[in-house]
>>> print(open('start-v2.cif').read())   # mmCIF, C-alpha atoms
data_model
loop_
_atom_site.label_atom_id
_atom_site.label_comp_id
_atom_site.auth_asym_id
_atom_site.auth_seq_id
_atom_site.Cartn_x
_atom_site.Cartn_y
_atom_site.Cartn_z
CA MET N 1395 146.57 85.59 58.70
CA ALA N 1396 143.42 84.64 56.88
CA ASP N 1397 142.67 86.22 53.55
CA GLU N 1398 140.51 89.20 54.38
CA LYS N 1399 138.40 88.63 51.25
CA GLN N 1400 135.50 86.25 51.42
CA ASP N 1401 133.85 84.54 48.53
CA LEU N 1402 130.22 85.61 48.56
CA LEU N 1403 129.13 82.17 47.43
CA GLN N 1404 130.40 80.82 50.75
CA LEU N 1405 127.53 82.70 52.33
CA TYR N 1406 125.09 80.54 50.39
CA ARG N 1407 126.99 77.37 51.38
CA PHE N 1408 126.81 78.48 55.01
CA CYS N 1409 123.03 78.93 54.76
CA PHE N 1410 122.74 75.54 53.10
CA LEU N 1411 124.77 73.82 55.82
CA MET N 1412 122.66 75.49 58.51
CA LEU N 1413 119.35 74.47 56.95
CA ALA N 1414 120.03 71.55 54.58
CA ASP N 1415 117.37 73.09 52.38
CA ALA N 1416 118.42 74.74 49.09
CA VAL N 1417 115.23 76.81 48.74
CA LYS N 1418 115.36 78.22 52.28
CA ALA N 1419 119.11 78.76 52.00
CA GLN N 1420 118.58 80.73 48.80
CA GLU N 1421 115.86 82.86 50.42
CA ILE N 1422 118.04 83.70 53.38
CA PHE N 1423 121.02 84.40 51.13
CA HIS N 1424 118.96 86.89 49.12
CA ALA N 1425 117.34 88.42 52.19
CA THR N 1426 120.73 88.96 53.83
CA LEU N 1427 122.21 90.60 50.74
CA ARG N 1428 119.09 92.77 50.29
CA GLU N 1429 119.41 94.05 53.86
CA ALA N 1430 123.10 94.78 53.35
CA ALA N 1431 122.31 96.63 50.10
CA GLN N 1432 119.53 98.58 51.81
CA LEU N 1433 121.84 99.61 54.63
CA ALA N 1434 124.51 100.64 52.12
CA ALA N 1435 121.95 102.69 50.19
CA ASP N 1436 121.03 104.45 53.44
CA GLY N 1437 124.69 105.26 54.00
CA GLU N 1438 124.95 102.79 56.86
CA ALA N 1439 126.91 100.01 55.17
CA PRO N 1440 127.93 97.38 57.74
CA ARG N 1441 131.47 98.03 58.87
CA ASP N 1442 131.87 94.57 60.35
CA ARG N 1443 133.20 92.25 57.61
CA LEU N 1444 131.51 89.30 59.34
CA TRP N 1445 128.15 91.08 59.34
CA LEU N 1446 126.72 89.00 56.45
CA PHE N 1447 127.45 85.73 58.22
CA ARG N 1448 126.17 86.96 61.59
CA ASN N 1449 122.98 88.19 59.96
CA ALA N 1450 122.51 85.00 57.94
CA ARG N 1451 123.14 82.90 61.04
CA TRP N 1452 120.25 84.43 62.97
CA ARG N 1453 117.97 84.22 59.95
CA CYS N 1454 118.84 80.53 59.55
CA LEU N 1455 118.22 79.84 63.24
CA GLU N 1456 114.91 81.68 63.02
CA ALA N 1457 113.94 79.70 59.93
CA GLY N 1458 115.06 76.50 61.62
CA GLU N 1459 112.73 77.13 64.56
CA GLN N 1460 109.75 76.73 62.28
CA GLY N 1461 110.66 73.18 61.30
CA LEU N 1462 111.78 70.14 63.22
CA GLN N 1463 114.00 70.95 66.16
CA ALA N 1464 117.29 69.22 66.81
CA GLU N 1465 117.32 67.36 70.08
CA ASP N 1466 120.07 68.27 72.48
CA THR N 1467 121.06 64.70 73.22
CA ASP N 1468 124.41 63.01 73.55
CA LEU N 1469 125.17 61.26 70.29
CA ASP N 1470 127.50 58.30 69.94
CA GLN N 1471 131.09 59.31 69.48
CA GLY N 1472 133.90 57.50 67.74
CA GLU N 1473 137.61 58.16 67.64
CA LEU N 1474 138.74 59.66 64.34
CA ALA N 1475 139.79 56.84 62.08
CA GLU N 1476 142.29 56.62 59.26
CA TRP N 1477 139.48 55.57 56.96
CA GLY N 1478 137.39 58.63 57.93
CA PRO N 1479 138.35 60.64 54.80
CA SER N 1480 137.42 57.68 52.55
CA GLN N 1481 134.03 57.48 54.28
CA ILE N 1482 133.49 61.22 53.78
CA GLU N 1483 134.32 60.94 50.07
CA LYS N 1484 131.35 58.60 49.71
CA LEU N 1485 128.97 61.25 51.00
CA GLU N 1486 126.94 63.71 48.99
CA PRO N 1487 127.22 67.35 50.13
CA GLU N 1488 123.50 67.29 50.95
CA GLN N 1489 124.04 64.40 53.38
CA PHE N 1490 126.71 66.34 55.23
CA ALA N 1491 124.44 69.40 55.31
CA ILE N 1492 121.63 67.28 56.77
CA TRP N 1493 123.96 66.00 59.44
CA ILE N 1494 125.17 69.53 60.35
CA ALA N 1495 121.68 71.05 60.23
CA ALA N 1496 120.52 68.37 62.64
CA ALA N 1497 123.04 69.48 65.27
CA PRO N 1498 121.81 71.80 68.02
CA ASP N 1499 123.04 75.37 67.92
CA PRO N 1500 125.68 76.71 68.61
CA GLN N 1501 127.35 73.47 67.50
CA ARG N 1502 125.53 73.78 64.17
CA THR N 1503 126.91 77.27 63.52
CA ALA N 1504 130.40 76.27 64.70
CA LEU N 1505 130.58 73.25 62.39
CA ALA N 1506 129.08 75.08 59.41
CA LEU N 1507 131.50 77.99 59.73
CA PHE N 1508 134.49 75.77 60.48
CA TYR N 1509 134.03 73.49 57.48
CA LEU N 1510 133.61 76.44 55.12
CA ASN N 1511 137.35 76.86 55.74
CA GLU N 1512 136.87 80.57 55.28
CA PHE N 1513 137.41 81.89 58.77
CA SER N 1514 140.29 82.27 61.15
CA TYR N 1515 140.11 81.03 64.72
CA ARG N 1516 139.27 84.51 66.04
CA ASP N 1517 136.60 85.00 63.39
CA LEU N 1518 135.00 81.73 64.47
CA LEU N 1519 134.96 82.83 68.10
CA SER N 1520 133.51 86.16 67.05
CA VAL N 1521 130.65 84.87 64.88
CA THR N 1522 129.71 81.96 67.15
CA GLU N 1523 130.03 84.18 70.25
CA LEU N 1524 131.70 81.28 72.04
CA LYS N 1525 134.65 81.06 74.40
CA PRO N 1526 137.68 79.04 73.20
CA PRO N 1527 136.99 75.98 75.41
CA GLU N 1528 133.34 75.96 74.28
CA LEU N 1529 134.24 76.15 70.60
CA SER N 1530 136.89 73.48 71.08
CA LYS N 1531 134.46 71.13 72.80
CA LEU N 1532 131.78 71.61 70.13
CA LEU N 1533 134.18 71.02 67.24
CA GLY N 1534 135.93 68.08 68.94
CA ASN N 1535 132.64 66.39 69.83
CA GLY N 1536 131.27 67.22 66.38
CA ARG N 1537 134.13 65.36 64.68
CA ARG N 1538 133.73 62.28 66.89
CA GLU N 1539 129.94 62.24 66.46
CA PHE N 1540 130.36 62.58 62.72
CA GLN N 1541 132.88 59.72 62.71
CA ALA N 1542 130.43 57.56 64.68
CA TRP N 1543 127.70 58.42 62.17
CA LEU N 1544 130.04 57.62 59.27
CA ASP N 1545 130.93 54.27 60.89
CA ALA N 1546 127.21 53.52 61.21
CA THR N 1547 126.46 54.62 57.64
CA PHE N 1548 129.51 53.08 55.99
CA PRO N 1549 130.70 50.20 58.15
CA VAL N 1550 134.45 49.68 58.05
CA SER N 1551 134.07 46.47 56.05
CA GLN N 1552 132.59 48.52 53.19
CA VAL N 1553 135.34 51.14 53.13
CA MET R 1495 151.38 57.12 67.95
CA SER R 1496 153.99 59.85 68.39
CA ALA R 1497 155.43 60.30 71.85
CA VAL R 1498 154.82 64.08 71.91
CA GLN R 1499 153.12 65.11 75.14
CA LEU R 1500 150.64 67.93 74.56
CA SER R 1501 149.37 70.18 77.31
CA LYS R 1502 145.68 70.39 78.13
CA ARG R 1503 145.59 73.85 76.60
CA ASP R 1504 147.27 72.66 73.39
CA LYS R 1505 144.75 69.82 73.09
CA MET R 1506 141.89 72.25 73.62
CA LEU R 1507 143.19 74.63 70.94
CA LEU R 1508 143.96 71.87 68.44
CA HIS R 1509 140.29 71.02 68.14
CA CYS R 1510 139.92 74.47 66.53
CA ALA R 1511 142.97 74.14 64.26
CA PRO R 1512 142.00 75.25 60.77
CA ILE R 1513 143.13 73.34 57.72
CA GLY R 1514 145.45 75.94 56.30
CA ASP R 1515 148.20 77.69 58.24
CA GLU R 1516 147.12 80.99 56.69
CA GLN R 1517 143.92 80.87 58.76
CA VAL R 1518 145.87 80.78 62.04
CA ASP R 1519 145.68 84.24 63.56
CA ASP R 1520 146.29 83.36 67.19
CA ARG R 1521 149.71 82.90 68.72
CA ALA R 1522 148.62 80.25 71.26
CA LEU R 1523 146.94 78.23 68.51
CA ARG R 1524 150.01 78.57 66.30
CA THR R 1525 152.19 77.26 69.15
CA ALA R 1526 149.81 74.36 69.79
CA ILE R 1527 149.91 73.43 66.09
CA HIS R 1528 153.70 73.65 66.13
CA HIS R 1529 153.80 71.24 69.10
CA ALA R 1530 151.33 68.82 67.49
CA ARG R 1531 152.47 68.99 63.89
CA LYS R 1532 154.21 65.63 63.92
CA THR R 1533 151.61 63.72 65.93
CA ASP R 1534 149.42 61.08 64.34
CA ALA R 1535 146.31 62.48 66.01
CA TYR R 1536 146.80 65.89 64.45
CA GLU R 1537 147.47 64.41 61.02
CA LEU R 1538 144.32 62.31 61.36
CA GLN R 1539 142.27 65.37 62.29
CA GLN R 1540 143.68 67.41 59.42
CA ASN R 1541 142.91 64.67 56.87
CA PHE R 1542 139.41 64.31 58.29
CA ASP R 1543 138.79 68.06 58.11
CA LYS R 1544 140.23 68.33 54.59
CA ALA R 1545 137.82 65.69 53.36
CA ALA R 1546 134.86 67.42 55.06
CA THR R 1547 135.90 70.81 53.66
CA ALA R 1548 136.17 69.39 50.15
CA LEU R 1549 132.64 68.06 50.58
CA VAL R 1550 131.39 71.52 51.62
CA GLN R 1551 133.07 73.14 48.62
CA ALA R 1552 131.20 70.67 46.44
CA ILE R 1553 127.82 72.04 47.59
CA PRO R 1554 126.11 72.96 44.31
CA ILE R 1555 125.26 76.64 43.92
CA PRO R 1556 121.79 77.19 42.41
CA LYS R 1557 121.73 78.74 38.96
CA GLU R 1558 119.72 81.72 40.25
CA ILE R 1559 122.56 82.60 42.58
CA THR R 1560 125.45 82.11 40.13
CA GLU R 1561 123.59 84.28 37.61
CA TRP R 1562 122.97 86.96 40.20
CA VAL R 1563 126.35 86.75 41.93
CA PRO R 1564 129.24 85.84 39.65
CA THR R 1565 131.74 83.37 41.09
CA GLU R 1566 134.59 84.86 43.05
CA THR R 1567 132.61 87.90 44.06
CA PHE R 1568 134.33 88.91 47.24
CA ILE R 1569 133.13 90.63 50.35
CA ALA R 1570 135.53 93.57 50.62
CA PRO R 1571 136.93 94.09 54.08
CA PRO R 1572 136.39 97.58 55.54
CA ARG R 1573 139.31 99.91 55.19
CA ALA R 1574 141.50 99.99 58.23
CA THR R 1575 141.29 103.31 60.05
CA TRP R 1576 144.27 105.02 61.67
CA LYS R 1577 142.81 104.02 65.05
CA LYS R 1578 142.97 100.38 64.03
CA TYR R 1579 146.58 100.81 62.97
CA VAL R 1580 147.45 102.46 66.27
CA GLN R 1581 145.81 99.62 68.21
CA ASN R 1582 147.75 97.02 66.26
CA PRO R 1583 150.41 95.63 68.67
CA VAL R 1584 153.00 95.55 65.89
CA PHE R 1585 152.55 99.24 65.08
CA LEU R 1586 152.33 100.06 68.78
CA ALA R 1587 155.58 98.23 69.58
CA THR R 1588 157.32 99.79 66.57
CA GLY R 1589 156.09 103.23 67.57
CA ILE R 1590 157.32 102.87 71.15
CA ALA R 1591 160.68 101.52 69.95
CA ALA R 1592 161.06 104.42 67.50
CA MET R 1593 160.20 106.88 70.28
CA VAL R 1594 162.77 105.36 72.67
CA ILE R 1595 165.43 105.38 69.93
CA SER R 1596 164.62 109.03 69.15
CA VAL R 1597 164.98 110.00 72.82
CA ILE R 1598 168.33 108.16 73.05
CA VAL R 1599 169.54 109.82 69.83
CA ILE R 1600 168.49 113.26 71.14
CA PHE R 1601 170.29 112.64 74.45
CA GLN R 1602 173.41 111.49 72.61
CA LEU R 1603 173.24 114.50 70.32
CA ILE R 1604 172.93 116.88 73.26
CA ASP R 1605 175.79 115.06 74.98
CA ARG R 1606 177.90 115.28 71.83
CA LEU R 1607 177.15 119.00 71.45
CA ASN R 1608 178.31 119.60 75.02
CA ARG R 1609 181.60 117.79 74.51
CA PHE R 1610 184.73 119.76 73.85
CA PRO R 1611 188.40 119.01 73.16
CA GLY R 1612 190.23 118.45 76.43
CA GLU R 1613 187.13 117.29 78.30
CA THR R 1614 188.84 114.05 79.36
CA THR R 1615 191.73 115.97 80.91
CA ALA R 1616 189.33 118.41 82.56
CA LEU R 1617 187.36 115.57 84.17
CA ARG R 1618 190.58 113.96 85.39
CA LEU R 1619 191.66 117.26 86.93
CA LEU R 1620 188.27 117.57 88.59
CA THR R 1621 189.13 114.33 90.40
CA THR R 1622 192.49 115.82 91.32
CA ALA R 1623 190.72 118.90 92.70
CA SER R 1624 188.45 116.80 94.87
CA SER R 1625 191.38 114.93 96.44
CA ASN R 1626 193.81 117.84 96.99
CA LYS R 1627 194.53 119.87 100.10
CA SER R 1628 195.70 123.49 99.97
CA MET R 1629 198.79 122.53 101.98
CA MET R 1630 200.15 120.62 98.98
CA LEU R 1631 200.62 123.90 97.11
CA ASP R 1632 203.30 126.55 97.51
CA PRO R 1633 201.77 129.48 99.38
CA VAL R 1634 201.38 132.49 97.07
CA LYS R 1635 199.12 135.37 98.04
CA THR R 1636 198.29 137.62 95.12
CA ASN R 1637 195.59 138.22 92.54
CA ALA R 1638 195.01 135.24 90.28
CA GLY R 1639 195.48 137.45 87.24
CA ALA R 1640 199.04 138.19 88.24
CA LEU R 1641 200.12 134.56 88.02
CA GLY R 1642 200.41 134.48 84.22
CA ASP R 1643 203.79 136.20 84.37
CA PHE R 1644 204.81 133.98 87.28
CA PHE R 1645 204.13 130.82 85.29
CA PHE R 1646 206.00 132.18 82.30
CA MET R 1647 208.99 133.49 84.22
CA LYS R 1648 209.44 130.60 86.62
CA HIS R 1649 208.12 127.61 84.68
CA ARG R 1650 208.32 128.82 81.06
CA LEU R 1651 204.62 128.19 80.59
CA ALA R 1652 203.38 130.58 77.90
CA HIS R 1653 199.74 131.69 77.78
CA TYR R 1654 198.95 130.17 81.20
CA ASP R 1655 196.79 133.21 81.94
CA VAL R 1656 193.77 133.33 84.23
CA PRO R 1657 190.77 134.74 82.28
CA PRO R 1658 189.43 138.18 83.26
CA GLU R 1659 186.37 136.64 84.94
CA PHE R 1660 188.58 135.14 87.67
CA GLU R 1661 191.68 137.38 87.71
CA GLU R 1662 190.60 139.48 90.70
CA LEU R 1663 190.28 136.53 93.06
CA LYS R 1664 192.85 136.21 95.85
CA THR R 1665 195.10 133.16 95.73
CA LEU R 1666 196.27 130.89 98.55
CA GLY R 1667 198.75 128.67 96.77
CA VAL R 1668 200.15 127.51 93.46
CA ARG R 1669 201.88 124.46 92.05
CA VAL R 1670 202.92 123.12 88.66
CA PHE R 1671 202.92 119.39 88.08
CA GLU R 1672 202.90 116.85 85.30
CA ASP R 1673 199.76 114.81 84.83
CA GLU R 1674 199.50 111.17 83.77
CA GLU R 1675 200.13 112.11 80.16
CA GLY R 1676 203.20 114.17 80.97
CA GLN R 1677 201.43 117.47 80.33
CA ARG R 1678 202.41 120.36 82.55
CA VAL R 1679 199.47 121.55 84.60
CA ALA R 1680 199.32 124.69 86.71
CA GLN R 1681 197.06 124.55 89.76
CA ILE R 1682 195.94 127.61 91.72
CA TRP R 1683 194.01 127.59 94.98
CA VAL R 1684 191.92 130.71 95.69
CA VAL R 1685 190.31 131.94 98.88
CA GLU R 1686 186.82 132.35 97.51
CA LYS R 1687 184.69 129.23 97.95
CA LYS R 1688 187.91 127.17 98.14
CA MET R 1689 187.88 127.30 94.37
CA GLN R 1690 190.72 125.75 92.36
CA PHE R 1691 191.99 126.78 88.94
CA PHE R 1692 193.76 124.53 86.49
CA LEU R 1693 195.66 125.58 83.39
CA PHE R 1694 196.66 122.82 81.00
CA PRO R 1695 197.59 122.43 77.32
CA ALA R 1696 194.58 122.20 74.99
CA GLU R 1697 194.04 118.96 73.12
CA ARG R 1698 195.99 118.88 69.88
CA ASP R 1699 195.23 117.53 66.46
CA VAL R 1700 197.29 114.38 65.96
CA LYS R 1701 198.01 115.15 62.30
CA THR R 1702 198.66 118.89 62.33
CA GLY R 1703 199.73 119.35 65.96
CA LYS R 1704 197.53 122.41 66.18
CA ALA R 1705 195.48 123.05 69.32
CA LYS R 1706 191.82 122.20 68.95
CA GLU R 1707 189.99 125.41 69.64
CA PHE R 1708 186.54 125.94 71.09
CA SER R 1709 184.72 129.09 72.02
CA GLY R 1710 183.09 130.17 75.26
CA TRP R 1711 182.73 128.39 78.57
CA ARG R 1712 181.99 124.68 78.76
CA HIS R 1713 180.50 123.13 81.86
CA ILE R 1714 181.33 119.78 83.40
CA GLU R 1715 180.15 118.02 86.54
CA GLN R 1716 181.41 114.93 88.30
CA GLU R 1717 180.75 113.50 91.76
CA HIS R 1718 179.52 116.73 93.39
CA TRP R 1719 182.23 118.80 91.73
CA ALA R 1720 181.60 121.31 88.98
CA GLY R 1721 183.92 123.02 86.56
CA VAL R 1722 183.90 125.65 83.82
CA VAL R 1723 186.46 125.35 81.04
CA LYS R 1724 187.65 127.85 78.46
CA GLU R 1725 190.30 127.60 75.76
CA GLN R 1726 192.56 130.48 74.82
CA GLY R 1727 195.82 130.50 72.93
CA GLY R 1728 196.23 126.73 73.04
CA VAL R 1729 195.78 126.57 76.81
CA CYS R 1730 192.68 125.49 78.69
CA PHE R 1731 191.63 127.15 81.90
CA MET R 1732 189.33 125.40 84.34
CA ALA R 1733 187.75 126.80 87.50
CA ALA R 1734 186.51 124.03 89.76
CA LEU R 1735 184.66 123.91 93.05
CA ARG R 1736 182.68 121.52 95.18
CA GLY R 1737 179.09 122.23 94.18
CA THR R 1738 177.06 122.56 91.05
CA ASP R 1739 176.98 124.53 87.84
CA ARG R 1740 174.88 127.18 89.56
CA ASP R 1741 177.75 128.02 91.98
CA LEU R 1742 179.99 128.87 89.05
CA ALA R 1743 177.39 130.65 86.96
CA PRO R 1744 177.89 134.10 88.52
CA TYR R 1745 181.58 134.08 87.53
CA VAL R 1746 181.30 133.26 83.88
CA SER R 1747 180.05 136.14 81.85
CA ASN R 1748 179.11 134.09 78.78
CA LYS R 1749 176.03 131.99 78.78
CA LYS R 1750 176.28 128.19 78.86
CA GLU R 1751 176.98 126.78 75.38
#
>>> encode(input="start-v2.cif", output="structure tokens")
Amino acid sequence: MADEKQDLLQLYRFCFLMLADAVKAQEIFHATLREAAQLAADGEAPRDRLWLFRNARWRCLEAGEQGLQAEDTDLDQGELAEWGPSQIEKLEPEQFAIWIAAAPDPQRTALALFYLNEFSYRDLLSVTELKPPELSKLLGNGRREFQAWLDATFPVSQV
Amino acid sequence: MSAVQLSKRDKMLLHCAPIGDEQVDDRALRTAIHHARKTDAYELQQNFDKAATALVQAIPIPKEITEWVPTETFIAPPRATWKKYVQNPVFLATGIAAMVISVIVIFQLIDRLNRFPGETTALRLLTTASSNKSMMLDPVKTNAGALGDFFFMKHRLAHYDVPPEFEELKTLGVRVFEDEEGQRVAQIWVVEKKMQFFLFPAERDVKTGKAKEFSGWRHIEQEHWAGVVKEQGGVCFMAALRGTDRDLAPYVSNKKE
């Protein structure tokens, strides 16, 4: 069973992965916490422990609509390779965030939440509002697309 | 590549497999992980995800946030309500099991309370009653209450007395026989409702040899035959008939114990 406690800083990382923009991520992080505090002050504190992430998700998607939109196209996919972890180690966190933020939603949300390594399987289904086969397909495709992107960015000969 | 064959469902679930086992809160996913644990593909996926997760954890937190929210500030989960506990399958299953055990214990307790010394013999004699014919007995026509002296005088059976509740009933026949355990049993056939009486030695304490006493009437039933048993002076008396407890109820003055 997943630890019921969640590090609040993970909320910021989630916003950052969704937007790949530190300023916007910070704004949404603050706005989400302000709303939670306001509700608590009114005696209506959110009972759902995933409320902060649900709320931040919709704010991020709303903020994302104002900028460039991710195209819902089929990206190249590659089979996961043994050298994949070495390729990932060469990345900067910002590069990974850019890659995730460029994915169409709900794949974007699924990948951002999954790689926070904060949520259980059921939590993921709950926040993404996806069915198990949908979540599976998005995560599976996401990995292969990421591998293909890694192979293009860091060709095997360089690893 | 490992030769493990994974089902379509397992493969589907494995795409969602978290990095740590502690995040697995679904039985089907846990099973799928168990099946795939030794496969190369799963190991590859886990290593890939670990590297990506490490990268996410390296996302720098702006100073404004770390100043405002100290590290390791946790979102407290809401307190579980009693309704949540009740809905939890583990608590539900435990509750049902405890209830079933309680019912069984209560039934056994009631059964134990109804038991009495000599019950085994009484039940065996109930079987005898159901298979006997009146012709097997020596014809004796008198009041049942008068047979106490008869048993003592003729068979040297002391205290083989019919209780007052049944002593007025007219008899058809009598016999004395030894049961499987060599105990001497007196059997009386009466006219009313083709009832049969049995008088037999009460169960004795193995150590002291004293008769195990019990008070009042005890009821037994077996294969459409009913009996009421009473102990007095080291001898048990049983009235038996084909029927139920209710058919014997009018005869016994004491209430069921």
>>> resolve_selection(input="start-v2.cif", expression="the PyMOL selection byres ((chain R) within 9 of (chain N))", output="ChimeraX atom specification")
/R:1503,1505-1520,1523,1535,1538-1539,1541-1556,1558-1560,1563-1573
>>> closest_residue(input="start-v2.cif", among="N:Gly1437, N:Gly1458, N:Pro1498, N:Gly1472", to="Ala1542 of chain N", atoms="all atoms listed in the file")
N:Gly1472
>>> residues_around(input="start-v2.cif", residues="Asp1504 of chain R", least_positions_apart="3", cutoff="10 Å", atoms="all atoms listed in the file", output="ChimeraX atom specification")
/R:1499-1501,1507-1509,1522-1530
>>> closest_residue(input="start-v2.cif", among="R:Val1746, R:Ile1682, R:Ala1720, R:Leu1666", to="Ala1734 of chain R", atoms="all atoms listed in the file")
R:Ala1720
>>> closest_residue(input="start-v2.cif", among="R:Lys1532, R:His1649, R:Arg1609, R:Lys1704", to="Phe1671 of chain R", atoms="all atoms listed in the file")
R:His1649
>>> resolve_selection(input="start-v2.cif", expression="the PyMOL selection byres ((chain R and resi 1614) around 12)", output="PyMOL selection string")
chain R and resi 1609-1613+1615-1621+1674-1675+1694+1696-1697+1714-1716+1723
>>> atom_distance(input="start-v2.cif", atom1="atom CA of Glu1537 of chain R", atom2="atom CA of Val1550 of chain N")
19.9 Å
>>> atom_distance(input="start-v2.cif", atom1="atom CA of Val1684 of chain R", atom2="atom CA of Lys1664 of chain R")
5.6 Å
>>> atom_distance(input="start-v2.cif", atom1="atom CA of Asn1637 of chain R", atom2="atom CA of Asp1655 of chain R")
11.8 Å
>>> closest_residue(input="start-v2.cif", among="N:Ala1425, N:Ala1495, N:Ala1434, N:Leu1544", to="Glu1459 of chain N", atoms="only C-alpha atoms")
N:Ala1495
>>> residues_around(input="start-v2.cif", residues="segment 1726-1733 of chain R", least_positions_apart="5", cutoff="6 Å", atoms="only C-alpha atoms", output="ChimeraX atom specification")
/R:1690-1696,1705,1721
>>> residues_near_point(input="start-v2.cif", point="(186.5, 131.1, 81.4)", cutoff="6 Å", atoms="only C-alpha atoms", output="list in words")
Pro1657, Trp1711, Val1723 and Lys1724 of chain R
>>> decode(input="start-v2.cif", residues="segment 1690-1703 of chain R", atoms="N, CA and C atoms", output="CSV table (one decimal), in the first residue's frame")
chain,number,residue,atom,x,y,z
R,1690,GLN,N,-43.9,-45.4,25.8
R,1690,GLN,CA,-43.0,-46.3,26.4
R,1690,GLN,C,-42.2,-45.6,27.5
R,1691,PHE,N,-42.0,-46.4,28.6
R,1691,PHE,CA,-41.1,-45.8,29.7
R,1691,PHE,C,-39.9,-46.7,29.8
R,1692,PHE,N,-38.8,-46.1,30.1
R,1692,PHE,CA,-37.5,-46.8,30.3
R,1692,PHE,C,-37.0,-46.3,31.6
R,1693,LEU,N,-36.5,-47.3,32.4
R,1693,LEU,CA,-35.8,-46.9,33.6
R,1693,LEU,C,-34.4,-47.6,33.6
R,1694,PHE,N,-33.4,-46.8,33.7
R,1694,PHE,CA,-32.0,-47.3,33.6
R,1694,PHE,C,-31.1,-46.6,34.6
R,1695,PRO,N,-30.0,-47.3,34.9
R,1695,PRO,CA,-29.1,-46.6,35.9
R,1695,PRO,C,-28.5,-45.3,35.3
R,1696,ALA,N,-28.4,-44.3,36.2
R,1696,ALA,CA,-27.9,-43.0,35.8
R,1696,ALA,C,-26.4,-43.2,35.6
R,1697,GLU,N,-25.8,-42.3,34.8
R,1697,GLU,CA,-24.4,-42.3,34.5
R,1697,GLU,C,-23.6,-42.1,35.8
R,1698,ARG,N,-22.5,-42.8,35.9
R,1698,ARG,CA,-21.8,-42.7,37.2
R,1698,ARG,C,-20.4,-42.0,36.9
R,1699,ASP,N,-19.9,-41.4,38.0
R,1699,ASP,CA,-18.6,-40.8,37.9
R,1699,ASP,C,-17.6,-41.9,38.0
R,1700,VAL,N,-16.7,-41.9,37.0
R,1700,VAL,CA,-15.7,-43.0,36.9
R,1700,VAL,C,-14.8,-43.0,38.2
R,1701,LYS,N,-14.5,-41.9,38.7
R,1701,LYS,CA,-13.6,-41.9,39.9
R,1701,LYS,C,-14.3,-42.3,41.2
R,1702,THR,N,-15.4,-41.6,41.5
R,1702,THR,CA,-16.1,-41.8,42.7
R,1702,THR,C,-17.1,-42.9,42.7
R,1703,GLY,N,-17.6,-43.2,41.5
R,1703,GLY,CA,-18.7,-44.2,41.4
R,1703,GLY,C,-20.1,-43.7,41.7
